[in-house]
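S.K.: Provided below: entry-v9.txt, containing compact mmCIF, C-alpha atoms.
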```txt
# COMPACT_ATOMS: atom_id res chain seq x y z
CA MET A 12 -35.94 4.89 9.85
CA SER A 13 -35.51 4.09 13.55
CA ALA A 14 -32.13 4.26 15.25
CA VAL A 15 -29.84 1.33 14.50
CA LYS A 16 -29.42 -1.10 17.36
CA ALA A 17 -26.00 -1.21 18.95
CA ILE A 18 -23.49 -3.68 17.51
CA THR A 19 -23.18 -6.55 19.99
CA PRO A 20 -19.93 -8.34 20.87
CA ASP A 21 -21.17 -11.35 18.88
CA ASP A 22 -21.92 -9.11 15.86
CA PHE A 23 -18.43 -7.62 16.10
CA ALA A 24 -16.84 -11.07 16.29
CA ARG A 25 -18.78 -12.35 13.26
CA PHE A 26 -17.91 -9.28 11.19
CA SER A 27 -14.26 -9.30 12.24
CA GLU A 28 -13.88 -12.93 11.21
CA TYR A 29 -15.53 -12.22 7.82
CA PHE A 30 -13.40 -9.12 7.17
CA TYR A 31 -10.25 -10.97 8.18
CA ARG A 32 -10.96 -13.75 5.67
CA LYS A 33 -11.60 -11.19 2.93
CA THR A 34 -8.69 -8.84 3.55
CA GLY A 35 -6.26 -10.31 6.08
CA ILE A 36 -6.86 -7.26 8.30
CA HIS A 37 -7.47 -8.15 11.94
CA PHE A 38 -9.66 -6.02 14.23
CA ASP A 39 -9.35 -6.68 17.94
CA ASP A 40 -11.52 -5.24 20.72
CA SER A 41 -9.45 -2.05 20.81
CA LYS A 42 -10.95 -1.18 17.40
CA ARG A 43 -14.58 -1.66 18.51
CA TYR A 44 -15.57 2.02 18.37
CA PHE A 45 -13.96 2.53 14.94
CA VAL A 46 -15.59 -0.60 13.46
CA ASP A 47 -18.99 -0.18 15.14
CA ARG A 48 -19.40 3.38 13.83
CA ARG A 49 -18.73 2.36 10.26
CA LEU A 50 -20.98 -0.68 10.47
CA THR A 51 -23.78 1.43 11.93
CA ASP A 52 -23.36 4.00 9.14
CA ARG A 53 -23.62 1.32 6.45
CA ILE A 54 -26.62 -0.34 8.10
CA SER A 55 -28.41 3.02 7.89
CA ALA A 56 -27.16 3.82 4.37
CA THR A 57 -28.42 0.49 2.99
CA ASP A 58 -31.77 0.72 4.84
CA SER A 59 -31.00 -2.57 6.53
CA GLN A 60 -33.21 -3.47 9.48
CA ASP A 61 -30.36 -4.47 11.78
CA PHE A 62 -26.86 -5.97 11.80
CA ASN A 63 -28.08 -9.43 10.77
CA THR A 64 -29.90 -8.04 7.74
CA TYR A 65 -26.88 -5.98 6.73
CA PHE A 66 -24.46 -8.86 7.29
CA ARG A 67 -26.58 -11.04 5.00
CA LEU A 68 -26.40 -8.32 2.33
CA LEU A 69 -22.66 -8.05 2.81
CA ARG A 70 -22.04 -11.78 2.39
CA LEU A 71 -24.53 -12.50 -0.38
CA ASN A 72 -24.13 -9.42 -2.57
CA PRO A 73 -23.04 -11.06 -5.86
CA SER A 74 -20.99 -8.12 -7.14
CA GLY A 75 -19.11 -7.64 -3.87
CA SER A 76 -19.83 -3.92 -4.16
CA GLU A 77 -20.95 -3.48 -0.56
CA THR A 78 -17.87 -5.31 0.72
CA GLN A 79 -15.73 -2.90 -1.30
CA VAL A 80 -17.60 0.14 0.05
CA LEU A 81 -17.11 -1.08 3.60
CA THR A 82 -13.46 -1.92 2.93
CA ASN A 83 -12.90 1.63 1.71
CA LEU A 84 -14.34 2.93 4.98
CA MET A 85 -12.39 0.53 7.18
CA THR A 86 -8.92 1.21 5.80
CA VAL A 87 -6.79 4.09 7.07
CA ASN A 88 -5.17 6.43 4.54
CA GLU A 89 -2.87 8.82 6.38
CA THR A 90 0.24 9.75 4.43
CA TYR A 91 2.25 12.59 2.87
CA PHE A 92 5.05 13.13 0.35
CA PHE A 93 8.54 11.81 1.19
CA ARG A 94 7.41 10.03 4.33
CA GLU A 95 10.35 8.08 5.82
CA ALA A 96 12.54 9.64 3.12
CA TYR A 97 15.65 7.76 4.27
CA GLN A 98 14.35 4.73 2.37
CA PHE A 99 14.14 6.70 -0.87
CA GLU A 100 17.77 7.72 -0.33
CA CYS A 101 18.64 4.07 0.25
CA LEU A 102 16.85 3.17 -2.99
CA THR A 103 18.99 5.46 -5.15
CA ASP A 104 22.22 5.21 -3.16
CA PHE A 105 22.38 1.43 -2.70
CA ILE A 106 19.42 -0.74 -3.73
CA LEU A 107 19.24 0.14 -7.42
CA ALA A 108 23.00 -0.33 -7.81
CA GLU A 109 22.49 -3.98 -6.84
CA VAL A 110 19.32 -4.40 -8.92
CA VAL A 111 20.99 -3.21 -12.15
CA ARG A 112 23.85 -5.70 -11.80
CA TYR A 113 21.48 -8.17 -13.43
CA LYS A 114 19.96 -5.76 -15.97
CA ARG A 115 20.92 -4.61 -19.43
CA ALA A 116 20.27 -1.12 -20.77
CA GLY A 117 16.59 -0.81 -21.66
CA ASP A 118 15.47 -3.61 -19.32
CA PRO A 119 12.47 -2.94 -17.07
CA ILE A 120 12.93 -2.06 -13.42
CA ARG A 121 9.66 -2.67 -11.59
CA ILE A 122 8.92 -0.80 -8.35
CA TRP A 123 5.70 -1.56 -6.47
CA SER A 124 4.12 0.59 -3.74
CA MET A 125 1.61 -1.41 -1.67
CA PRO A 126 -0.47 0.09 -0.11
CA CYS A 127 -0.11 3.33 -2.04
CA SER A 128 -3.04 5.16 -0.41
CA SER A 129 -3.70 8.44 -2.26
CA GLY A 130 -0.48 8.18 -4.27
CA GLU A 131 2.02 10.19 -2.25
CA GLU A 132 4.44 7.26 -1.94
CA PRO A 133 4.68 6.16 -5.61
CA TYR A 134 4.80 9.78 -6.78
CA SER A 135 7.54 10.46 -4.20
CA ILE A 136 9.47 7.53 -5.63
CA ALA A 137 9.06 8.89 -9.16
CA ILE A 138 10.21 12.39 -8.18
CA HIS A 139 13.14 11.04 -6.19
CA LEU A 140 14.30 8.91 -9.12
CA MET A 141 14.03 11.86 -11.48
CA GLU A 142 16.04 14.06 -9.13
CA LYS A 143 18.57 11.66 -7.61
CA TRP A 144 19.21 8.66 -9.86
CA ALA A 145 21.59 9.42 -12.69
CA HIS A 146 20.81 6.19 -14.56
CA ILE A 147 17.04 6.59 -14.86
CA ASP A 148 17.18 7.10 -18.63
CA ARG A 149 19.11 3.83 -19.15
CA TYR A 150 16.25 1.61 -17.97
CA ASP A 151 12.51 1.21 -18.44
CA VAL A 152 11.33 2.14 -14.95
CA GLU A 153 7.80 0.92 -14.17
CA ILE A 154 6.10 2.14 -10.99
CA PHE A 155 2.93 0.49 -9.69
CA GLY A 156 0.68 1.78 -6.94
CA SER A 157 -1.76 -0.64 -5.29
CA ASP A 158 -4.37 -0.36 -2.60
CA ILE A 159 -7.45 -2.29 -1.52
CA ASP A 160 -9.43 0.98 -1.34
CA THR A 161 -10.90 1.90 -4.73
CA THR A 162 -11.92 5.41 -3.64
CA ILE A 163 -8.41 6.32 -2.56
CA LEU A 164 -6.99 4.92 -5.83
CA ALA A 165 -9.28 7.22 -7.81
CA SER A 166 -7.91 10.10 -5.73
CA ALA A 167 -4.34 8.96 -6.45
CA GLN A 168 -4.99 9.03 -10.18
CA THR A 169 -6.16 12.66 -10.06
CA GLY A 170 -3.00 13.60 -8.13
CA ILE A 171 -4.51 16.49 -6.15
CA TYR A 172 -3.08 17.14 -2.68
CA SER A 173 -3.56 19.45 0.27
CA PRO A 174 -0.84 21.86 1.39
CA ARG A 175 -0.22 19.58 4.39
CA SER A 176 0.40 16.59 2.13
CA VAL A 177 3.05 18.38 0.08
CA GLN A 178 4.73 20.34 2.88
CA GLY A 179 7.80 18.08 2.74
CA VAL A 180 8.42 18.66 -0.97
CA PRO A 181 11.36 21.05 -1.60
CA PRO A 182 10.33 24.38 -3.22
CA ASN A 183 12.27 23.73 -6.42
CA GLN A 184 10.47 20.39 -6.87
CA MET A 185 7.11 21.97 -6.11
CA LYS A 186 7.75 24.43 -8.92
CA LYS A 187 8.87 21.69 -11.30
CA TYR A 188 6.25 19.02 -10.64
CA PHE A 189 3.13 20.69 -9.14
CA THR A 190 0.55 23.27 -10.14
CA LYS A 191 -1.34 25.26 -7.52
CA LEU A 192 -5.13 25.11 -7.95
CA ARG A 193 -7.63 27.85 -7.21
CA ASP A 194 -8.82 26.12 -4.02
CA GLY A 195 -5.28 26.15 -2.57
CA ASN A 196 -4.56 22.48 -3.26
CA TRP A 197 -1.78 21.25 -5.53
CA GLN A 198 -1.91 18.89 -8.53
CA ILE A 199 1.04 16.82 -9.64
CA CYS A 200 1.98 17.16 -13.31
CA GLN A 201 0.48 14.98 -16.02
CA ASP A 202 3.81 13.33 -16.89
CA LEU A 203 4.18 11.98 -13.36
CA ARG A 204 0.51 10.95 -13.20
CA ASP A 205 1.13 8.96 -16.37
CA SER A 206 4.30 7.40 -14.93
CA VAL A 207 2.48 5.45 -12.19
CA GLU A 208 0.03 2.61 -12.90
CA PHE A 209 -2.58 2.36 -10.16
CA VAL A 210 -4.45 -0.90 -9.64
CA ARG A 211 -6.74 -2.21 -6.91
CA THR A 212 -5.02 -5.11 -5.15
CA ASN A 213 -6.07 -7.37 -2.27
CA LEU A 214 -3.19 -9.51 -0.99
CA ASN A 215 -5.72 -12.21 -0.08
CA GLU A 216 -6.86 -12.59 -3.70
CA PRO A 217 -4.48 -14.65 -5.89
CA ALA A 218 -6.01 -13.20 -9.05
CA ASP A 219 -4.97 -9.71 -7.95
CA LEU A 220 -1.40 -10.83 -7.33
CA ALA A 221 -1.12 -12.71 -10.63
CA ARG A 222 -0.56 -9.43 -12.51
CA PHE A 223 2.68 -8.80 -10.61
CA SER A 224 5.85 -10.64 -11.56
CA ARG A 225 9.60 -10.02 -11.53
CA VAL A 226 9.20 -7.00 -9.25
CA ASP A 227 12.57 -5.49 -8.30
CA VAL A 228 11.66 -3.28 -5.34
CA ILE A 229 8.59 -3.31 -3.09
CA PHE A 230 7.63 -0.57 -0.66
CA CYS A 231 5.20 -2.12 1.81
CA ARG A 232 5.27 0.30 4.69
CA ASN A 233 2.89 0.26 7.64
CA LEU A 234 0.52 -2.34 6.20
CA LEU A 235 1.56 -5.50 8.04
CA ILE A 236 0.94 -3.86 11.43
CA TYR A 237 -2.77 -4.33 10.69
CA PHE A 238 -2.35 -8.08 10.10
CA ASP A 239 -2.04 -10.94 12.56
CA ASP A 240 0.89 -13.38 12.45
CA MET A 241 -0.75 -15.75 9.97
CA SER A 242 -1.71 -12.97 7.57
CA ARG A 243 1.75 -11.43 7.82
CA ARG A 244 3.38 -14.72 6.84
CA ALA A 245 0.94 -15.15 3.96
CA ALA A 246 1.67 -11.60 2.76
CA ALA A 247 5.43 -12.18 2.97
CA GLU A 248 5.08 -15.36 0.90
CA ALA A 249 2.88 -13.57 -1.64
CA PHE A 250 5.41 -10.77 -2.04
CA TYR A 251 8.24 -13.30 -2.32
CA GLU A 252 6.51 -15.00 -5.26
CA THR A 253 6.15 -11.71 -7.17
CA MET A 254 9.79 -10.68 -6.73
CA SER A 255 12.81 -11.25 -8.96
CA PRO A 256 15.77 -13.06 -7.36
CA GLY A 257 17.82 -10.40 -5.61
CA ALA A 258 14.86 -8.01 -5.31
CA PHE A 259 14.31 -5.87 -2.22
CA ILE A 260 11.38 -5.08 0.05
CA CYS A 261 11.18 -2.04 2.35
CA LEU A 262 8.94 -2.11 5.42
CA GLY A 263 7.88 0.61 7.84
CA HIS A 264 10.32 1.65 10.56
CA SER A 265 8.39 -0.28 13.24
CA GLU A 266 8.09 -3.47 11.19
CA SER A 267 10.56 -6.36 10.93
CA MET A 268 10.50 -9.08 8.29
CA SER A 269 12.79 -11.16 10.51
CA ARG A 270 9.89 -11.61 12.94
CA ILE A 271 7.54 -12.60 10.11
CA SER A 272 9.38 -14.87 7.69
CA SER A 273 12.77 -16.49 7.13
CA LEU A 274 12.46 -16.20 3.34
CA PHE A 275 14.41 -12.94 3.09
CA LYS A 276 17.97 -11.84 3.79
CA VAL A 277 18.41 -8.89 6.13
CA ARG A 278 20.42 -6.14 4.45
CA ARG A 279 21.75 -3.05 6.21
CA PHE A 280 22.82 0.00 4.24
CA GLY A 281 24.11 2.55 6.75
CA SER A 282 21.33 2.83 9.34
CA THR A 283 18.63 1.58 6.94
CA ILE A 284 17.44 -2.04 7.14
CA VAL A 285 15.76 -3.61 4.11
CA TYR A 286 15.08 -7.20 3.08
CA GLN A 287 16.24 -9.08 0.00
CA LYS A 288 15.01 -12.15 -1.82
CA PRO A 289 18.09 -14.38 -2.06
CA LEU A 290 19.71 -15.08 -5.40
CA PRO A 291 19.74 -18.72 -6.55
CA GLY A 292 22.08 -20.69 -4.33
CA GLU A 293 22.09 -18.08 -1.55
CA ALA A 294 20.72 -18.69 1.90
CA SER A 295 18.24 -16.26 3.44
CA ALA A 296 20.13 -16.02 6.72
```
Please express the file's structure as structure tokens.
M.R.:
Amino acid sequence: MSAVKAITPDDFARFSEYFYRKTGIHFDDSKRYFVDRRLTDRISATDSQDFNTYFRLLRLNPSGSETQVLTNLMTVNETYFFREAYQFECLTDFILAEVVRYKRAGDPIRIWSMPCSSGEEPYSIAIHLMEKWAHIDRYDVEIFGSDIDTTILASAQTGIYSPRSVQGVPPNQMKKYFTKLRDGNWQICQDLRDSVEFVRTNLNEPADLARFSRVDVIFCRNLLIYFDDMSRRAAAEAFYETMSPGAFICLGHSESMSRISSLFKVRRFGSTIVYQKPLPGEASA
């Protein structure tokens, strides 16, 4: 097959608009090289004649399989265990104490990691709860991990990680929760793999969000930086609808819900800022 023609500015604009509608992720001109390379690769892989032929395949493919393949390639999955660990400390030191005020023994506590990438974040939450929260056995803790990338979710379910990914895990916890494999990688134990439910989720698809309700804590860190203002507001509203009154959402250190939506109360615990869905009768401010 001959070399693929270069992606033109018009091609880039058409694709970016399509991908934005599908995922809420906005690509500006600074991402041209990243996007063009992946489009060119998929044009070749599908034996499409040019961008127009491939774009027709992308839009008209009834199963949506090619859109999912391209989405997997376009999303960034860079993470490691106990990233921004101060928020896990805040979870067990402060947030859960407020959440359980409205729970009885045996009630579910639902914690949602979105996007969960290859699983380091939800597994970190599970380990931290096991190690640091004295009341874990009193409640039915449910942990969900979601991502738009189906390939990375499959990786999360296997729970196999490189030495770099686990370098922040204390030695005693490595011994307790991980097994070293022959290739030098590490696999998290079966009990913890079973403790997290992984599910593909696109925040732009109401059917995906319908499975989430009465969530008590959301970790949504370093996702909204890829959205524009409209998509950020839509995501904030979608999260709000899934949350129990009084529930909390944690964002990345460079993100601020106050600049996105007025739906949530700003809460400060020590130096950690999180956001809370108001209880009935409370104002968000």
S.K.: Fewer than 4 positions away in the same chain doesn't count, so skip those; otherwise give me all residues within 8 Å of Lys288 of chain A, counting all atoms listed in the file, as a VMD selection string.
M.R.: chain A and resid 251 254 to 259 274 to 276 295
S.K.: Go through A:Thr103, A:Ser157, A:Thr162, A:Gln168 one by one, measure the shortest atom-to-atom distance of each to Asp219 of chain A using all atoms listed in the file, and give the residue with the smallest value.
M.R.: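 So, comparing all the options, the nearest one is A:Ser157.
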S.K.: Using all atoms listed in the file, collect all residues at a distance of at most 12 Å from (-10.0, -0.3, 3.5) as written in the file, then present them as a VMD selection string.
M.R.: chain A and resid 30 to 31 33 to 37 46 49 78 to 89 126 to 128 158 to 164 211 to 213 234 237
S.K.: So, with only C-alpha atoms as the atoms that count, which of A:Arg48, A:Tyr172, A:Gly179, A:Ile271 lies closest to Asp239 of chain A?
M.R.: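 Looking only at the distances to Asp239 of chain A, the closest residue turns out to be A:Ile271.
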S.K.: I'd like the neighbourhood of Ala116 of chain A as a ChimeraX atom specification, where a residue qualifies if any of its atoms comes within 12 Å (using only C-alpha atoms), though same-chain residues fewer than 4 positions away should be ignored.
M.R.: /A:111-112,120,146-152
S.K.: To one decimal in Å, tell me the separation between atom CA of Ala96 of chain A and atom CA of Gln198 of chain A.
M.R.: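 Going from atom CA of Ala96 of chain A over to atom CA of Gln198 of chain A, I get 20.7 Å.
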S.K.: Could you check which residues have any atom within 12 Å of (8.5, 1.0, 13.4), counting all atoms listed in the file with coordinates taken straight from the file, and then list them as a PyMOL selection string?
M.R.: chain A and resi 95+232-236+261-268+284
S.K.: I'd like to know which of A:Thr19, A:Ser124, A:Ser176, A:Ser74 is closest to Phe250 of chain A, using all atoms listed in the file.
M.R.: A:Ser124
S.K.: Considering all atoms listed in the file, return as a short mmCIF file (atom, residue, chain, number, x, y, z; two decimals) with C-alpha atoms, in the coordinates of the input whatever protein or nucleic-acid residues lie within 12 Å of Trp123 of chain A, sequence-local ones (same chain, fewer than 4 positions apart) excluded.
M.R.:
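To be explicit, this is the file written out as around.cif:
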```cif
data_model
loop_
_atom_site.label_atom_id
_atom_site.label_comp_id
_atom_site.auth_asym_id
_atom_site.auth_seq_id
_atom_site.Cartn_x
_atom_site.Cartn_y
_atom_site.Cartn_z
CA CYS A 127 -0.11 3.33 -2.04
CA GLY A 130 -0.48 8.18 -4.27
CA GLU A 132 4.44 7.26 -1.94
CA PRO A 133 4.68 6.16 -5.61
CA TYR A 134 4.80 9.78 -6.78
CA ILE A 136 9.47 7.53 -5.63
CA ALA A 137 9.06 8.89 -9.16
CA VAL A 152 11.33 2.14 -14.95
CA GLU A 153 7.80 0.92 -14.17
CA ILE A 154 6.10 2.14 -10.99
CA PHE A 155 2.93 0.49 -9.69
CA GLY A 156 0.68 1.78 -6.94
CA SER A 157 -1.76 -0.64 -5.29
CA ASP A 158 -4.37 -0.36 -2.60
CA VAL A 207 2.48 5.45 -12.19
CA GLU A 208 0.03 2.61 -12.90
CA PHE A 209 -2.58 2.36 -10.16
CA VAL A 210 -4.45 -0.90 -9.64
CA THR A 212 -5.02 -5.11 -5.15
CA LEU A 220 -1.40 -10.83 -7.33
CA ARG A 222 -0.56 -9.43 -12.51
CA PHE A 223 2.68 -8.80 -10.61
CA SER A 224 5.85 -10.64 -11.56
CA ARG A 225 9.60 -10.02 -11.53
CA VAL A 226 9.20 -7.00 -9.25
CA ASP A 227 12.57 -5.49 -8.30
CA VAL A 228 11.66 -3.28 -5.34
CA ILE A 229 8.59 -3.31 -3.09
CA PHE A 230 7.63 -0.57 -0.66
CA CYS A 231 5.20 -2.12 1.81
CA ARG A 232 5.27 0.30 4.69
CA PHE A 250 5.41 -10.77 -2.04
CA THR A 253 6.15 -11.71 -7.17
CA MET A 254 9.79 -10.68 -6.73
CA ALA A 258 14.86 -8.01 -5.31
CA PHE A 259 14.31 -5.87 -2.22
CA ILE A 260 11.38 -5.08 0.05
CA CYS A 261 11.18 -2.04 2.35
#
```
